[in-house]
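J.: Encoded as C-alpha cells, here's the structure I'll be asking about.
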Amino acid sequence: MSEKTAAAFGIFPDRMGIETVVSSLKREGFCNSDVSVLFRENRGTWGQTRPMSSVAAAAARATSLTLGSCYGALRWLVGLGPVTIPGKGEFVAVGPVRAAIEAGTSDSFYGRLAGSLIAMGVPEYQAKRYEDWLENRWFLLSVQFTDPQRMIKVKRILAATLAEDVLFTHDPNACFLNSDTGETVTAESGIYRSHMPR
C-alpha cells in the first residue's frame, strides 16, 4: 500500500454483517477494487473438525459460507476466489488484502496471513488479533480511501454495521483502545476500537 493510501479494517462475526457493510460501501460510491474481504472457506465444514458445543456447531452451520454459495452483495466484489495460506488452510479473498497475501512469502517471521496485514499497515499486535478471529470463522473487511471525506463515510458505515476491532491506518490523530485492559494509548498507525464481548 502506498504512503498516500489509507485503509480501514474491521471484523464481523457472520455473513449478514459482511454483506451489509459491502452493500453500504457500494451504495456510498466506493470502488469495488478498493474493498477487501477475507474469510475461511467452507466455514461450516471446517467448524466440524474442531471440538465445539452443539450450540456453536449449529451457529457454524447457519453461517457457513463457501465460494460457491456467495451471492448478493459479495458478488459485487469482482475476483472473489479461493486462496491457500500456508499453515492456515483455505480462505476466500478479494481486493488488496488478497494481493498482499499472494505477494507475501510463506517464510515470513509472522506467517503469511499476519505478515500480509502488517505489510498493509496493520500493527503487529492487531494483525495477530485479526488472524485469531479469522481462524475462529469471522470475516475481515478492509477498504482503502484517498481523502478525508471518504474516511468519514467509512467510519459512519463501520459504526452502523457494528464492526469490531476497527482500525484506521495512517491516521495522525489516532489512538488504540486496548480491549483487554480498557486503557487508551497513543499510536501513530491508526485508531482501534472494539465492541468485542469479554
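Residues are named by chain letter and number: chains run A, B, ... in the order of the C-alpha cells, numbers start at 1 in each chain, and ligands are numbered from 1 in the order shown.
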Need to verify the contact set: A:Leu80, 8 Å, only C-alpha atoms, exclusion of same-chain residues closer than 3 positions in sequence. Can you return it as a PyMOL selection string?

T.: chain A and resi 67+75+77+92-95

J.: Restrict the selected residues to N, CA and C atoms and save them as a tab-separated table (two decimals), in the first residue's frame.

T.:
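This went into result_13.tsv:
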chain	number	residue	atom	x	y	z
A	67	LEU	N	-17.24	-20.46	-1.32
A	67	LEU	CA	-17.15	-19.65	-2.52
A	67	LEU	C	-18.37	-19.89	-3.42
A	75	ARG	N	-21.12	-10.66	-4.56
A	75	ARG	CA	-20.89	-10.82	-6.00
A	75	ARG	C	-20.42	-9.51	-6.64
A	77	LEU	N	-17.97	-7.90	-5.58
A	77	LEU	CA	-16.52	-7.91	-5.42
A	77	LEU	C	-15.90	-8.81	-6.49
A	92	VAL	N	-11.15	-17.57	1.42
A	92	VAL	CA	-11.70	-16.88	0.26
A	92	VAL	C	-11.32	-15.42	0.43
A	93	ALA	N	-10.83	-14.79	-0.63
A	93	ALA	CA	-10.35	-13.42	-0.50
A	93	ALA	C	-10.54	-12.66	-1.80
A	94	VAL	N	-10.53	-11.34	-1.66
A	94	VAL	CA	-10.61	-10.45	-2.82
A	94	VAL	C	-10.03	-9.10	-2.42
A	95	GLY	N	-9.54	-8.35	-3.40
A	95	GLY	CA	-9.08	-6.98	-3.16
A	95	GLY	C	-7.62	-6.89	-2.75

J.: When distances are computed from only C-alpha atoms, which of A:Ile18, A:Ile85, A:Leu141, A:Ala7 shows the smallest separation from A:Thr161?

T.: A:Ile18

J.: Write out as a list in words each polymer residue whose atoms come within 8 Å of A:Arg40, counting only C-alpha atoms; drop sequence neighbours fewer than 2 positions from it.

T.: Leu38, Asn42, Arg43, Glu90, Phe91, Val92, Leu134, Glu135, Arg137, Trp138 and Phe139 of chain A

J.: Rounded to one decimal, what separation in Å do you get between atom CA of A:Glu102 and atom CA of A:Thr84?

T.: 9.0 Å

J.: Could you go through stretch 94-147 of chain A and tell me which residues DSSP, when run on the backbone, assigns to strand (DSSP E or B), listing them as a list in words?

T.: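 DSSP-assigned strand (DSSP E or B) residues in stretch 94-147 of chain A: Val94, Phe139, Leu140, Leu141, Ser142, Val143, Gln144 and Phe145 of chain A.
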
J.: Using only C-alpha atoms, which residue out of A:Arg112, A:Ser142, A:Gly72, A:Val21 lies closest to A:Asp34?

T.: A:Ser142
